[in-house]
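**Q** Pasting in a structure now, in structure tokens, and then I'll have a few things to ask.
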Amino acid sequence: MKRVVIFASGSGSNAENLIKFFHNNNNVSVIQVLTNNPHAKVLDRCKRLKVSALSFNRIAFSKSNDVLNILKTTNPDLIVLAGFLWKFPEFILNEFPNKVINVHPAVLPKFGGKGMYGMYVHEAVVANNETETGITIHYVNENYDEGAIIFQAKCLVSSTDTAEDVAAKIHELEMEHFPKVVEDLLK
């Protein structure tokens with residue numbers, strides 16, 4: 001059985017989608033969700049879905065070995081960042097080489113880097129009059145959104161689309177593709 005740990009910071013719709021996708025899978029299981037936000041809606045989703053979930057603070061994540069020790073104990077085959085907003089510490093990445101992935105709501109290298117997440121990305125896409133955007137699933141390295149690209153999917157952006165319209169299109173791409181890419185990586 002392949003083990004997945006998800007990191008999330010907000011509502012957790014991608015985390016829930018992954019948990020449900022692998023719920024009756026005999027080969028892959030989401031064993032835990034970790035969040036840096038003690039008020040994140042992902043915690044409510046995990047409670048409802050009966051998946052272990054813990055919150056942590058910045059000291060536990062990047063200044064001590066607390067989160068690293070949790071990961072060593074759970075020994076995941078893959079760590080999935082699904083709307084997780086903090087930069088991943090290099091010392092954790094070194095313990096799990098090529099085992100940490102992220103989904104980004106744009107076609108990298110466009111609209112990536114520090115501060116480019118969520119609606120900020122979609123607003124930038126609209127402001128720049130882009131005709132297409134999409135998602136990028138990539139390995140995580142020591143820099144924001146610069147790890148090796150695993151998968152990209154695109155969608156059209158019309159001249160009348162708002163940032164909210166773009167967000168809805170991106171959400172559909174994430175729901176469709178993210179679980180399948182995770183599953184393929186674990187084969």
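Just remember, in the structure tokens the first chain shown is A, the second B, etc., residues are 1-based per chain, and ligands are 1-based in the order shown.
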Applying 10 Å and only C-alpha atoms, which residues near stretch 174-183 of chain A remain after dropping the ones on its own chain fewer than 6 positions away? List them as a ChimeraX atom specification.
**A** /A:2,4,13-22,27-28,78-80,82,101-105,134-137,150-153,168
**Q** According to DSSP computed on the backbone, where in stretch 5-180 of chain A is there strand (DSSP E)? Give the residues as a VMD selection string.
**A** chain A and resid 5 to 8 28 to 35 53 to 55 78 to 81 100 to 104 132 to 139 149 to 156
**Q** Could you pull the residues within 10 Å of A:Phe91, counting only C-alpha atoms, minus those fewer than 3 positions along the same chain, as a list of chain:residue names?
**A**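 Using only C-alpha atoms, the neighbours found are A:Ser62, A:Asn65, A:Leu68, A:Phe88, A:Asn94, A:Glu95, A:Phe96, A:Glu142.
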**Q** Convert the current residue selection to file output with N, CA, C and O atoms, as an mmCIF file, in the first residue's frame.
**A**
```
data_model
loop_
_atom_site.group_PDB
_atom_site.id
_atom_site.type_symbol
_atom_site.label_atom_id
_atom_site.label_comp_id
_atom_site.auth_asym_id
_atom_site.auth_seq_id
_atom_site.Cartn_x
_atom_site.Cartn_y
_atom_site.Cartn_z
ATOM 1 N N SER A 62 9.510 24.785 10.290
ATOM 2 C CA SER A 62 10.783 25.166 9.689
ATOM 3 C C SER A 62 11.912 25.437 10.673
ATOM 4 O O SER A 62 13.060 25.531 10.261
ATOM 5 N N ASN A 65 12.361 20.017 14.269
ATOM 6 C CA ASN A 65 12.143 18.775 13.522
ATOM 7 C C ASN A 65 10.762 18.178 13.769
ATOM 8 O O ASN A 65 10.523 17.020 13.416
ATOM 9 N N LEU A 68 8.996 17.252 10.515
ATOM 10 C CA LEU A 68 9.854 16.230 9.903
ATOM 11 C C LEU A 68 9.696 14.894 10.626
ATOM 12 O O LEU A 68 9.576 13.848 9.977
ATOM 13 N N PHE A 88 8.444 25.083 1.379
ATOM 14 C CA PHE A 88 8.838 23.848 2.047
ATOM 15 C C PHE A 88 10.310 23.916 2.451
ATOM 16 O O PHE A 88 11.156 24.251 1.620
ATOM 17 N N ASN A 94 15.199 17.341 1.662
ATOM 18 C CA ASN A 94 16.363 16.451 1.607
ATOM 19 C C ASN A 94 16.058 15.066 2.155
ATOM 20 O O ASN A 94 16.656 14.078 1.719
ATOM 21 N N GLU A 95 15.140 14.983 3.102
ATOM 22 C CA GLU A 95 14.750 13.680 3.682
ATOM 23 C C GLU A 95 13.812 12.904 2.753
ATOM 24 O O GLU A 95 13.694 11.685 2.869
ATOM 25 N N PHE A 96 13.133 13.615 1.848
ATOM 26 C CA PHE A 96 12.162 12.999 0.943
ATOM 27 C C PHE A 96 12.438 13.439 -0.500
ATOM 28 O O PHE A 96 11.599 14.096 -1.127
ATOM 29 N N GLU A 142 13.785 23.866 -3.548
ATOM 30 C CA GLU A 142 13.998 24.937 -2.570
ATOM 31 C C GLU A 142 13.460 26.296 -3.019
ATOM 32 O O GLU A 142 13.417 27.230 -2.231
#
```
**Q** For A:Pro76, find every residue with an atom within 7 Å (counting only C-alpha atoms), except residues of its own chain fewer than 4 positions away, and show them as an NGL selection string.
**A** :A and (3-5 or 71)
**Q** Any chance you can output those residues with C-alpha atoms as a JSON list (two decimals), in the first residue's frame?
**A**
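That gives us result_13.json:
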```json
[["chain", "number", "residue", "atom", "x", "y", "z"],
["A", 3, "ARG", "CA", 1.03, 6.09, 1.53],
["A", 4, "VAL", "CA", 0.19, 9.75, 0.79],
["A", 5, "VAL", "CA", 0.40, 12.72, 3.13],
["A", 71, "LEU", "CA", 6.68, 12.58, 8.32]]
```
**Q** Which polymer residues have any atom within 12 Å of an atom of A:Phe111, counting only C-alpha atoms, with same-chain residues fewer than 5 positions away left out, as a list in words?
**A**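 Once the adjacent positions are removed, what remains is His104, Pro105, Ala106, Met116, Tyr117, Gly118, Met119, Tyr120, Val121, His122, Glu123, Ala124, Val125, Val126, Ala127, Asn128, Glu130, Thr133, Gly134, Ile135, Thr136, Tyr144, Asp145 and Glu146 of chain A.
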**Q** Any chance you can output those residues with N, CA, C and O atoms as a compact mmCIF listing (two decimals), in the first residue's frame?
**A**
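What follows is the written file part_6.txt:
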```
# COMPACT_ATOMS: atom_id res chain seq x y z
N HIS A 104 0.05 23.83 -9.03
CA HIS A 104 0.05 25.30 -9.14
C HIS A 104 -1.03 25.71 -10.13
O HIS A 104 -1.16 25.10 -11.19
N PRO A 105 -1.80 26.78 -9.83
CA PRO A 105 -2.94 27.16 -10.67
C PRO A 105 -2.58 28.03 -11.87
O PRO A 105 -3.27 29.01 -12.18
N ALA A 106 -1.50 27.69 -12.55
CA ALA A 106 -1.11 28.38 -13.79
C ALA A 106 -0.17 27.46 -14.55
O ALA A 106 0.31 26.45 -14.02
N MET A 116 2.48 34.29 -5.69
CA MET A 116 1.58 33.89 -6.78
C MET A 116 0.85 32.61 -6.37
O MET A 116 1.34 31.50 -6.58
N TYR A 117 -0.32 32.81 -5.79
CA TYR A 117 -1.16 31.68 -5.40
C TYR A 117 -2.61 32.12 -5.45
O TYR A 117 -2.92 33.31 -5.42
N GLY A 118 -3.49 31.14 -5.57
CA GLY A 118 -4.92 31.40 -5.52
C GLY A 118 -5.39 32.51 -6.45
O GLY A 118 -4.98 32.58 -7.61
N MET A 119 -6.21 33.39 -5.93
CA MET A 119 -6.82 34.44 -6.75
C MET A 119 -5.78 35.41 -7.31
O MET A 119 -6.01 36.02 -8.35
N TYR A 120 -4.64 35.56 -6.64
CA TYR A 120 -3.59 36.43 -7.18
C TYR A 120 -3.15 35.96 -8.57
O TYR A 120 -2.90 36.76 -9.46
N VAL A 121 -3.08 34.65 -8.75
CA VAL A 121 -2.70 34.09 -10.05
C VAL A 121 -3.80 34.40 -11.07
O VAL A 121 -3.51 34.90 -12.17
N HIS A 122 -5.03 34.13 -10.73
CA HIS A 122 -6.14 34.32 -11.66
C HIS A 122 -6.31 35.79 -12.04
O HIS A 122 -6.59 36.11 -13.19
N GLU A 123 -6.14 36.68 -11.06
CA GLU A 123 -6.21 38.12 -11.34
C GLU A 123 -5.11 38.54 -12.31
O GLU A 123 -5.33 39.35 -13.21
N ALA A 124 -3.90 37.98 -12.12
CA ALA A 124 -2.78 38.31 -13.02
C ALA A 124 -3.03 37.79 -14.43
O ALA A 124 -2.71 38.46 -15.41
N VAL A 125 -3.61 36.61 -14.53
CA VAL A 125 -3.94 36.04 -15.85
C VAL A 125 -4.91 36.97 -16.59
O VAL A 125 -4.70 37.29 -17.77
N VAL A 126 -5.95 37.42 -15.90
CA VAL A 126 -6.94 38.31 -16.52
C VAL A 126 -6.30 39.67 -16.85
O VAL A 126 -6.49 40.20 -17.94
N ALA A 127 -5.54 40.21 -15.90
CA ALA A 127 -4.92 41.54 -16.11
C ALA A 127 -3.95 41.54 -17.29
O ALA A 127 -3.78 42.56 -17.96
N ASN A 128 -3.32 40.40 -17.55
CA ASN A 128 -2.37 40.30 -18.65
C ASN A 128 -3.03 39.88 -19.97
O ASN A 128 -2.34 39.58 -20.94
N GLU A 130 -4.36 37.16 -20.93
CA GLU A 130 -3.95 35.83 -21.40
C GLU A 130 -5.11 35.16 -22.13
O GLU A 130 -6.27 35.35 -21.75
N THR A 133 -4.66 29.52 -19.83
CA THR A 133 -3.99 29.29 -18.56
C THR A 133 -4.16 27.81 -18.26
O THR A 133 -4.52 27.03 -19.14
N GLY A 134 -3.90 27.41 -17.05
CA GLY A 134 -4.05 25.99 -16.73
C GLY A 134 -3.46 25.66 -15.38
O GLY A 134 -3.35 26.51 -14.49
N ILE A 135 -3.05 24.40 -15.24
CA ILE A 135 -2.43 23.93 -14.00
C ILE A 135 -1.08 23.31 -14.33
O ILE A 135 -0.85 22.83 -15.44
N THR A 136 -0.22 23.33 -13.34
CA THR A 136 1.06 22.64 -13.42
C THR A 136 1.23 21.81 -12.16
O THR A 136 1.08 22.33 -11.04
N TYR A 144 10.22 28.60 -4.89
CA TYR A 144 8.80 28.57 -5.23
C TYR A 144 8.59 28.24 -6.71
O TYR A 144 9.14 28.92 -7.59
N ASP A 145 7.83 27.21 -6.99
CA ASP A 145 7.33 26.90 -8.33
C ASP A 145 8.42 26.68 -9.38
O ASP A 145 8.21 26.93 -10.56
N GLU A 146 9.59 26.21 -8.97
CA GLU A 146 10.68 26.00 -9.92
C GLU A 146 11.09 24.54 -10.08
O GLU A 146 12.01 24.23 -10.83
```
**Q** What lies within 12 Å of A:Ile59 using only C-alpha atoms, ignoring chain neighbours under 5 positions off, as an NGL selection string?
**A** :A and (36 or 64-68 or 89)
**Q** For the residues in that selection, give me N, CA, C and O atoms as a PDB file, in the first residue's frame.
**A**
```
ATOM      1  N   ASN A  36      -0.967  24.228   8.139  1.00  0.00           N
ATOM      2  CA  ASN A  36      -0.364  25.314   8.895  1.00  0.00           C
ATOM      3  C   ASN A  36      -1.424  26.284   9.420  1.00  0.00           C
ATOM      4  O   ASN A  36      -1.082  27.292  10.027  1.00  0.00           O
ATOM      5  N   SER A  64      12.185  23.608  13.776  1.00  0.00           N
ATOM      6  CA  SER A  64      12.442  22.402  14.576  1.00  0.00           C
ATOM      7  C   SER A  64      12.200  21.185  13.697  1.00  0.00           C
ATOM      8  O   SER A  64      11.843  21.313  12.533  1.00  0.00           O
ATOM      9  N   ASN A  65      12.361  20.017  14.269  1.00  0.00           N
ATOM     10  CA  ASN A  65      12.143  18.775  13.522  1.00  0.00           C
ATOM     11  C   ASN A  65      10.762  18.178  13.769  1.00  0.00           C
ATOM     12  O   ASN A  65      10.523  17.020  13.416  1.00  0.00           O
ATOM     13  N   ASP A  66       9.848  18.933  14.370  1.00  0.00           N
ATOM     14  CA  ASP A  66       8.541  18.376  14.735  1.00  0.00           C
ATOM     15  C   ASP A  66       7.783  17.812  13.538  1.00  0.00           C
ATOM     16  O   ASP A  66       7.343  16.655  13.561  1.00  0.00           O
ATOM     17  N   VAL A  67       7.609  18.609  12.493  1.00  0.00           N
ATOM     18  CA  VAL A  67       6.874  18.132  11.307  1.00  0.00           C
ATOM     19  C   VAL A  67       7.692  17.056  10.600  1.00  0.00           C
ATOM     20  O   VAL A  67       7.142  16.041  10.161  1.00  0.00           O
ATOM     21  N   LEU A  68       8.996  17.252  10.515  1.00  0.00           N
ATOM     22  CA  LEU A  68       9.854  16.230   9.903  1.00  0.00           C
ATOM     23  C   LEU A  68       9.696  14.894  10.626  1.00  0.00           C
ATOM     24  O   LEU A  68       9.576  13.848   9.977  1.00  0.00           O
ATOM     25  N   PRO A  89      10.630  23.602   3.713  1.00  0.00           N
ATOM     26  CA  PRO A  89      12.024  23.682   4.164  1.00  0.00           C
ATOM     27  C   PRO A  89      12.930  22.684   3.443  1.00  0.00           C
ATOM     28  O   PRO A  89      12.549  21.535   3.210  1.00  0.00           O
TER      29      PRO A  89
END
```
**Q** Excluding same-chain residues fewer than 6 positions from A:Gly10, what lies within 10 Å of it counting only C-alpha atoms, as an NGL selection string?
**A** :A and (35-43 or 82-85)
**Q** Please write the residues from the selection above to a file, keeping all heavy atoms, as a short mmCIF file (atom, residue, chain, number, x, y, z; two decimals), in the first residue's frame.
**A**
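Writing done, so here's out.cif:
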```
data_model
loop_
_atom_site.label_atom_id
_atom_site.label_comp_id
_atom_site.auth_asym_id
_atom_site.auth_seq_id
_atom_site.Cartn_x
_atom_site.Cartn_y
_atom_site.Cartn_z
N THR A 35 -1.74 20.73 8.18
CA THR A 35 -2.04 22.11 7.80
C THR A 35 -1.33 23.10 8.71
O THR A 35 -1.14 22.83 9.90
CB THR A 35 -3.56 22.40 7.79
OG1 THR A 35 -3.77 23.75 7.38
CG2 THR A 35 -4.18 22.18 9.15
N ASN A 36 -0.97 24.23 8.14
CA ASN A 36 -0.36 25.31 8.89
C ASN A 36 -1.42 26.28 9.42
O ASN A 36 -1.08 27.29 10.03
CB ASN A 36 0.64 26.08 8.01
CG ASN A 36 -0.03 26.66 6.78
OD1 ASN A 36 -0.83 26.01 6.13
ND2 ASN A 36 0.31 27.88 6.45
N ASN A 37 -2.69 25.98 9.19
CA ASN A 37 -3.78 26.89 9.56
C ASN A 37 -4.74 26.15 10.50
O ASN A 37 -5.52 25.31 10.04
CB ASN A 37 -4.50 27.36 8.30
CG ASN A 37 -5.66 28.27 8.60
OD1 ASN A 37 -6.01 28.53 9.74
ND2 ASN A 37 -6.29 28.76 7.54
N PRO A 38 -4.72 26.45 11.80
CA PRO A 38 -5.59 25.73 12.73
C PRO A 38 -7.08 25.97 12.49
O PRO A 38 -7.92 25.26 13.05
CB PRO A 38 -5.16 26.26 14.11
CG PRO A 38 -4.54 27.58 13.84
CD PRO A 38 -3.92 27.49 12.47
N HIS A 39 -7.42 26.95 11.64
CA HIS A 39 -8.82 27.24 11.32
C HIS A 39 -9.19 26.82 9.90
O HIS A 39 -10.28 27.15 9.42
CB HIS A 39 -9.10 28.73 11.52
CG HIS A 39 -8.71 29.23 12.87
ND1 HIS A 39 -9.35 28.85 14.03
CD2 HIS A 39 -7.69 30.04 13.26
CE1 HIS A 39 -8.76 29.41 15.07
NE2 HIS A 39 -7.75 30.13 14.63
N ALA A 40 -8.30 26.10 9.23
CA ALA A 40 -8.53 25.71 7.84
C ALA A 40 -9.74 24.78 7.74
O ALA A 40 -9.92 23.88 8.56
CB ALA A 40 -7.29 25.02 7.27
N LYS A 41 -10.55 25.01 6.72
CA LYS A 41 -11.72 24.16 6.49
C LYS A 41 -11.32 22.72 6.15
O LYS A 41 -12.11 21.80 6.31
CB LYS A 41 -12.58 24.76 5.39
CG LYS A 41 -13.31 26.02 5.82
CD LYS A 41 -14.37 26.41 4.82
CE LYS A 41 -15.18 27.62 5.17
NZ LYS A 41 -14.73 28.52 6.16
N VAL A 42 -10.08 22.52 5.71
CA VAL A 42 -9.62 21.17 5.41
C VAL A 42 -9.71 20.28 6.65
O VAL A 42 -9.96 19.08 6.53
CB VAL A 42 -8.19 21.17 4.81
CG1 VAL A 42 -7.13 21.51 5.85
CG2 VAL A 42 -7.86 19.83 4.15
N LEU A 43 -9.58 20.85 7.84
CA LEU A 43 -9.67 20.06 9.07
C LEU A 43 -11.09 19.50 9.24
O LEU A 43 -11.26 18.34 9.64
CB LEU A 43 -9.27 20.90 10.28
CG LEU A 43 -7.80 21.32 10.33
CD1 LEU A 43 -7.56 22.36 11.41
CD2 LEU A 43 -6.90 20.10 10.52
N ALA A 82 -1.37 20.59 -1.63
CA ALA A 82 -2.65 20.89 -2.29
C ALA A 82 -3.18 22.19 -1.70
O ALA A 82 -3.95 22.19 -0.74
CB ALA A 82 -3.63 19.75 -2.09
N GLY A 83 -2.71 23.31 -2.24
CA GLY A 83 -3.10 24.60 -1.69
C GLY A 83 -2.35 24.91 -0.41
O GLY A 83 -2.87 25.58 0.48
N PHE A 84 -1.12 24.44 -0.33
CA PHE A 84 -0.27 24.74 0.83
C PHE A 84 0.58 25.96 0.51
O PHE A 84 1.25 25.99 -0.51
CB PHE A 84 0.61 23.53 1.17
CG PHE A 84 1.43 23.72 2.41
CD1 PHE A 84 0.81 23.76 3.65
CD2 PHE A 84 2.80 23.87 2.35
CE1 PHE A 84 1.55 23.94 4.80
CE2 PHE A 84 3.55 24.05 3.48
CZ PHE A 84 2.93 24.09 4.72
N LEU A 85 0.55 26.97 1.37
CA LEU A 85 1.09 28.27 1.02
C LEU A 85 2.51 28.56 1.52
O LEU A 85 3.11 29.54 1.10
CB LEU A 85 0.14 29.38 1.52
CG LEU A 85 -1.27 29.31 0.95
CD1 LEU A 85 -2.11 30.47 1.47
CD2 LEU A 85 -1.26 29.29 -0.57
#
```
**Q** Give me, please, the distance in Å between atom CA of A:Thr74 and atom CA of A:Ser52, quoted to one decimal.
**A**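 Those two atoms sit 11.1 Å apart.
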**Q** With distances taken over only C-alpha atoms, which of A:Val107, A:Val51, A:Val100, A:Ala148 is nearest to A:Glu132?
**A** A:Val107
